[in-house]
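Here's data_30.txt, which has compact mmCIF, N, CA and C atoms:
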```txt
# COMPACT_ATOMS: atom_id res chain seq x y z
N ALA A 1122 156.03 168.55 -18.53
CA ALA A 1122 156.28 168.33 -19.96
C ALA A 1122 156.47 169.67 -20.65
N ASP A 1123 157.24 169.67 -21.71
CA ASP A 1123 157.49 170.86 -22.50
C ASP A 1123 156.23 171.21 -23.28
N LYS A 1124 155.66 172.38 -22.99
CA LYS A 1124 154.43 172.77 -23.66
C LYS A 1124 154.62 172.90 -25.17
N GLY A 1125 155.85 173.25 -25.61
CA GLY A 1125 156.14 173.37 -27.03
C GLY A 1125 155.99 172.04 -27.74
N VAL A 1126 156.21 170.95 -27.03
CA VAL A 1126 156.09 169.63 -27.63
C VAL A 1126 154.62 169.20 -27.70
N GLU A 1127 153.83 169.73 -26.80
CA GLU A 1127 152.43 169.31 -26.69
C GLU A 1127 151.52 169.92 -27.74
N LYS A 1128 151.90 171.06 -28.29
CA LYS A 1128 151.03 171.70 -29.27
C LYS A 1128 151.83 172.09 -30.51
N ALA A 1129 151.16 172.08 -31.62
CA ALA A 1129 151.82 172.46 -32.87
C ALA A 1129 152.02 173.98 -32.90
N LEU A 1130 153.13 174.40 -33.45
CA LEU A 1130 153.40 175.82 -33.58
C LEU A 1130 152.69 176.37 -34.80
N SER A 1131 152.17 177.56 -34.67
CA SER A 1131 151.59 178.21 -35.83
C SER A 1131 152.74 178.78 -36.65
N GLU A 1132 152.46 179.19 -37.87
CA GLU A 1132 153.50 179.78 -38.71
C GLU A 1132 154.12 181.00 -38.03
N LYS A 1133 153.32 181.77 -37.31
CA LYS A 1133 153.82 182.97 -36.63
C LYS A 1133 154.77 182.61 -35.49
N GLU A 1134 154.60 181.44 -34.91
CA GLU A 1134 155.44 181.03 -33.79
C GLU A 1134 156.76 180.40 -34.23
N LYS A 1135 156.85 179.98 -35.47
CA LYS A 1135 158.08 179.39 -35.97
C LYS A 1135 159.14 180.47 -36.12
N ILE A 1136 160.38 180.08 -35.96
CA ILE A 1136 161.47 181.03 -36.01
C ILE A 1136 162.39 180.70 -37.18
N ASN A 1137 162.69 181.71 -37.98
CA ASN A 1137 163.62 181.55 -39.09
C ASN A 1137 164.97 182.06 -38.61
N ILE A 1138 166.00 181.20 -38.60
CA ILE A 1138 167.30 181.61 -38.07
C ILE A 1138 167.94 182.73 -38.89
N ASN A 1139 167.47 182.95 -40.10
CA ASN A 1139 168.02 184.01 -40.94
C ASN A 1139 167.35 185.36 -40.74
N THR A 1140 166.26 185.40 -40.01
CA THR A 1140 165.55 186.67 -39.80
C THR A 1140 165.19 186.93 -38.34
N ALA A 1141 165.41 185.97 -37.48
CA ALA A 1141 164.98 186.08 -36.07
C ALA A 1141 165.75 187.14 -35.30
N THR A 1142 165.07 187.71 -34.32
CA THR A 1142 165.70 188.67 -33.40
C THR A 1142 166.51 187.90 -32.36
N ILE A 1143 167.30 188.61 -31.57
CA ILE A 1143 168.06 187.97 -30.49
C ILE A 1143 167.10 187.26 -29.54
N THR A 1144 166.02 187.91 -29.19
CA THR A 1144 165.04 187.32 -28.27
C THR A 1144 164.45 186.04 -28.83
N GLU A 1145 164.11 186.06 -30.11
CA GLU A 1145 163.55 184.86 -30.75
C GLU A 1145 164.57 183.73 -30.78
N LEU A 1146 165.82 184.05 -31.14
CA LEU A 1146 166.86 183.02 -31.17
C LEU A 1146 167.09 182.43 -29.78
N CYS A 1147 167.03 183.27 -28.76
CA CYS A 1147 167.24 182.80 -27.38
C CYS A 1147 166.13 181.86 -26.90
N SER A 1148 165.01 181.86 -27.60
CA SER A 1148 163.92 180.95 -27.23
C SER A 1148 164.18 179.53 -27.73
N LEU A 1149 165.20 179.37 -28.56
CA LEU A 1149 165.55 178.04 -29.08
C LEU A 1149 166.34 177.27 -28.03
N PRO A 1150 166.18 175.95 -28.00
CA PRO A 1150 166.89 175.15 -27.01
C PRO A 1150 168.41 175.26 -27.17
N GLY A 1151 169.10 175.64 -26.09
CA GLY A 1151 170.55 175.70 -26.08
C GLY A 1151 171.16 176.98 -26.63
N ILE A 1152 170.33 177.94 -27.04
CA ILE A 1152 170.85 179.19 -27.61
C ILE A 1152 170.80 180.30 -26.56
N THR A 1153 171.99 180.80 -26.20
CA THR A 1153 172.11 181.90 -25.24
C THR A 1153 172.16 183.21 -25.99
N LYS A 1154 172.15 184.32 -25.24
CA LYS A 1154 172.21 185.64 -25.85
C LYS A 1154 173.53 185.80 -26.63
N VAL A 1155 174.62 185.29 -26.07
CA VAL A 1155 175.93 185.37 -26.74
C VAL A 1155 175.90 184.60 -28.06
N LEU A 1156 175.32 183.40 -28.05
CA LEU A 1156 175.24 182.60 -29.27
C LEU A 1156 174.30 183.25 -30.29
N ALA A 1157 173.22 183.83 -29.81
CA ALA A 1157 172.27 184.51 -30.70
C ALA A 1157 172.96 185.67 -31.42
N LYS A 1158 173.76 186.43 -30.69
CA LYS A 1158 174.49 187.55 -31.30
C LYS A 1158 175.46 187.03 -32.36
N GLU A 1159 176.10 185.90 -32.10
CA GLU A 1159 177.05 185.31 -33.05
C GLU A 1159 176.32 184.84 -34.31
N ILE A 1160 175.13 184.25 -34.14
CA ILE A 1160 174.32 183.81 -35.29
C ILE A 1160 174.01 185.01 -36.18
N ILE A 1161 173.59 186.10 -35.55
CA ILE A 1161 173.24 187.30 -36.31
C ILE A 1161 174.48 187.87 -37.01
N LYS A 1162 175.60 187.90 -36.32
CA LYS A 1162 176.85 188.41 -36.89
C LYS A 1162 177.24 187.64 -38.15
N ILE A 1163 177.10 186.33 -38.11
CA ILE A 1163 177.46 185.48 -39.25
C ILE A 1163 176.45 185.62 -40.39
N ARG A 1164 175.16 185.64 -40.06
CA ARG A 1164 174.15 185.65 -41.12
C ARG A 1164 174.10 186.98 -41.88
N VAL A 1165 174.64 188.05 -41.28
CA VAL A 1165 174.71 189.32 -41.99
C VAL A 1165 175.61 189.17 -43.22
N LYS A 1166 176.67 188.38 -43.08
CA LYS A 1166 177.60 188.15 -44.19
C LYS A 1166 177.05 187.13 -45.17
N GLN A 1167 176.45 186.06 -44.64
CA GLN A 1167 175.90 185.01 -45.49
C GLN A 1167 174.80 184.26 -44.76
N LYS A 1168 173.65 184.14 -45.40
CA LYS A 1168 172.52 183.44 -44.80
C LYS A 1168 172.85 181.96 -44.58
N PHE A 1169 172.27 181.39 -43.55
CA PHE A 1169 172.43 179.96 -43.28
C PHE A 1169 171.59 179.17 -44.26
N LYS A 1170 172.14 178.08 -44.77
CA LYS A 1170 171.41 177.21 -45.69
C LYS A 1170 170.86 175.99 -44.98
N SER A 1171 171.42 175.66 -43.82
CA SER A 1171 170.91 174.53 -43.04
C SER A 1171 171.25 174.75 -41.57
N LEU A 1172 170.55 174.04 -40.72
CA LEU A 1172 170.83 174.12 -39.28
C LEU A 1172 172.24 173.65 -38.96
N ASN A 1173 172.74 172.67 -39.70
CA ASN A 1173 174.07 172.13 -39.43
C ASN A 1173 175.16 173.19 -39.55
N GLU A 1174 174.92 174.23 -40.32
CA GLU A 1174 175.90 175.30 -40.43
C GLU A 1174 176.10 176.04 -39.11
N LEU A 1175 175.16 175.93 -38.20
CA LEU A 1175 175.30 176.57 -36.89
C LEU A 1175 176.44 175.96 -36.08
N THR A 1176 176.86 174.74 -36.42
CA THR A 1176 177.95 174.10 -35.66
C THR A 1176 179.28 174.81 -35.89
N LYS A 1177 179.35 175.71 -36.85
CA LYS A 1177 180.56 176.51 -37.06
C LYS A 1177 180.77 177.49 -35.91
N ILE A 1178 179.71 177.73 -35.16
CA ILE A 1178 179.77 178.68 -34.04
C ILE A 1178 180.20 177.94 -32.79
N LYS A 1179 181.27 178.44 -32.15
CA LYS A 1179 181.75 177.83 -30.92
C LYS A 1179 180.65 177.87 -29.86
N GLY A 1180 180.35 176.72 -29.30
CA GLY A 1180 179.29 176.64 -28.30
C GLY A 1180 178.03 175.98 -28.83
N ILE A 1181 177.95 175.80 -30.14
CA ILE A 1181 176.81 175.09 -30.74
C ILE A 1181 177.34 173.81 -31.35
N GLY A 1182 176.93 172.70 -30.77
CA GLY A 1182 177.39 171.41 -31.26
C GLY A 1182 176.24 170.55 -31.75
N PRO A 1183 176.55 169.31 -32.08
CA PRO A 1183 175.54 168.39 -32.60
C PRO A 1183 174.33 168.21 -31.69
N LYS A 1184 174.54 168.22 -30.37
CA LYS A 1184 173.40 168.03 -29.45
C LYS A 1184 172.43 169.20 -29.51
N THR A 1185 172.97 170.41 -29.62
CA THR A 1185 172.11 171.59 -29.73
C THR A 1185 171.34 171.56 -31.05
N ILE A 1186 172.04 171.23 -32.13
CA ILE A 1186 171.39 171.13 -33.44
C ILE A 1186 170.28 170.09 -33.39
N GLU A 1187 170.56 168.97 -32.73
CA GLU A 1187 169.56 167.90 -32.62
C GLU A 1187 168.31 168.38 -31.89
N LYS A 1188 168.50 169.13 -30.80
CA LYS A 1188 167.36 169.65 -30.04
C LYS A 1188 166.52 170.61 -30.89
N ILE A 1189 167.22 171.48 -31.61
CA ILE A 1189 166.50 172.44 -32.47
C ILE A 1189 165.78 171.71 -33.59
N ALA A 1190 166.48 170.76 -34.23
CA ALA A 1190 165.88 170.01 -35.34
C ALA A 1190 164.70 169.18 -34.86
N LEU A 1191 164.83 168.54 -33.71
CA LEU A 1191 163.74 167.73 -33.17
C LEU A 1191 162.52 168.60 -32.93
N ARG A 1192 162.73 169.76 -32.38
CA ARG A 1192 161.61 170.69 -32.14
C ARG A 1192 160.94 171.03 -33.47
N GLN A 1193 161.73 171.27 -34.50
CA GLN A 1193 161.16 171.61 -35.81
C GLN A 1193 160.44 170.43 -36.43
N LEU A 1194 161.02 169.26 -36.35
CA LEU A 1194 160.41 168.10 -36.99
C LEU A 1194 159.03 167.80 -36.45
N LEU A 1195 158.80 168.16 -35.20
CA LEU A 1195 157.48 167.96 -34.61
C LEU A 1195 156.42 168.81 -35.30
N TYR A 1196 156.86 169.89 -35.93
CA TYR A 1196 155.93 170.83 -36.56
C TYR A 1196 156.18 170.98 -38.04
N GLU A 1197 156.86 170.01 -38.62
CA GLU A 1197 157.22 170.06 -40.04
C GLU A 1197 156.00 170.26 -40.92
N ASP A 1198 156.17 171.11 -41.90
CA ASP A 1198 155.14 171.30 -42.91
C ASP A 1198 155.31 170.17 -43.92
N ARG A 1199 154.45 169.18 -43.83
CA ARG A 1199 154.62 167.97 -44.64
C ARG A 1199 154.47 168.24 -46.15
N ALA A 1200 153.87 169.35 -46.51
CA ALA A 1200 153.71 169.67 -47.93
C ALA A 1200 154.99 170.26 -48.53
N ASN A 1201 155.93 170.63 -47.67
CA ASN A 1201 157.16 171.26 -48.13
C ASN A 1201 158.15 170.19 -48.55
N LYS A 1202 158.32 170.02 -49.83
CA LYS A 1202 159.16 168.93 -50.36
C LYS A 1202 160.64 169.28 -50.44
N ASP A 1203 160.97 170.58 -50.44
CA ASP A 1203 162.38 170.94 -50.64
C ASP A 1203 163.18 170.97 -49.33
N ARG A 1204 162.57 170.70 -48.24
CA ARG A 1204 163.20 170.60 -46.92
C ARG A 1204 163.81 171.91 -46.44
N SER A 1205 163.45 173.03 -47.05
CA SER A 1205 163.98 174.31 -46.58
C SER A 1205 163.36 174.65 -45.21
N TYR A 1206 162.35 173.89 -44.79
CA TYR A 1206 161.74 174.11 -43.49
C TYR A 1206 162.76 174.00 -42.36
N LEU A 1207 163.90 173.35 -42.62
CA LEU A 1207 164.90 173.20 -41.57
C LEU A 1207 165.42 174.55 -41.07
N LEU A 1208 165.23 175.59 -41.84
CA LEU A 1208 165.63 176.92 -41.39
C LEU A 1208 164.63 177.50 -40.42
N LEU A 1209 163.44 176.95 -40.39
CA LEU A 1209 162.41 177.40 -39.47
C LEU A 1209 162.42 176.52 -38.25
N VAL A 1210 162.51 177.14 -37.09
CA VAL A 1210 162.51 176.34 -35.86
C VAL A 1210 161.60 176.97 -34.84
```

Structure rendered as structure tokens:
Amino acid sequence: ADKGVEKALSEKEKININTATITELCSLPGITKVLAKEIIKIRVKQKFKSLNELTKIKGIGPKTIEKIALRQLLYEDRANKDRSYLLLV
């Protein structure tokens, strides 16, 4: 079983796609070093507002977004009403 699914992530373990390093981005399901570099290249120009914006990157499709979102939803901060938590994975 995926150990990430078995335990809740602490705030320090969550990853913000707008500030994460290449190594941190590569820890996300379906994100390779090449894709991580592309995420960083794009976010330098404009920060991501939602995970769905990652589909603009060739190689990141709905299935990858779903895996990342599912991982986040397991650790959602239920007190966060504005849903900006989707940027944290």

Could you name the residues that touch segment 1175-1185 of chain A at 8 Å or less, counting all atoms listed in the file, but leaving out those on the same chain fewer than 3 positions away, as JSON, numbers by chain? {"A": [1150, 1151, 1152, 1156, 1159, 1160, 1169, 1170, 1171, 1172, 1188, 1189, 1190, 1191]}

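Listed by chain and then by rising number, the residues of segment 1150-1184 of chain A that DSSP assigns to helix (DSSP H, G or I) from the backbone are Lys1154, Val1155, Leu1156, Ala1157, Lys1158, Glu1159, Ile1160, Ile1161, Lys1162, Ile1163, Arg1164, Val1165, Lys1166, Leu1172, Asn1173, Glu1174, Leu1175, Thr1176, Lys1177, Pro1183 and Lys1184 of chain A.
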
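Proximity to Thr1142 of chain A at 8 Å, evaluated using only N, CA and C atoms and with sequence-adjacent residues fewer than 5 positions away removed, yields A:Ile1136, A:Asn1137, A:Cys1147, A:Ser1148, A:Ala1157, A:Lys1158, A:Ile1161.
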
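One finds atom C of Glu1174 of chain A at 12.3 Å from atom CA of Glu1187 of chain A.
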
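From atom CA of Lys1135 of chain A back to atom C of Lys1162 of chain A, the distance works out to 21.0 Å.
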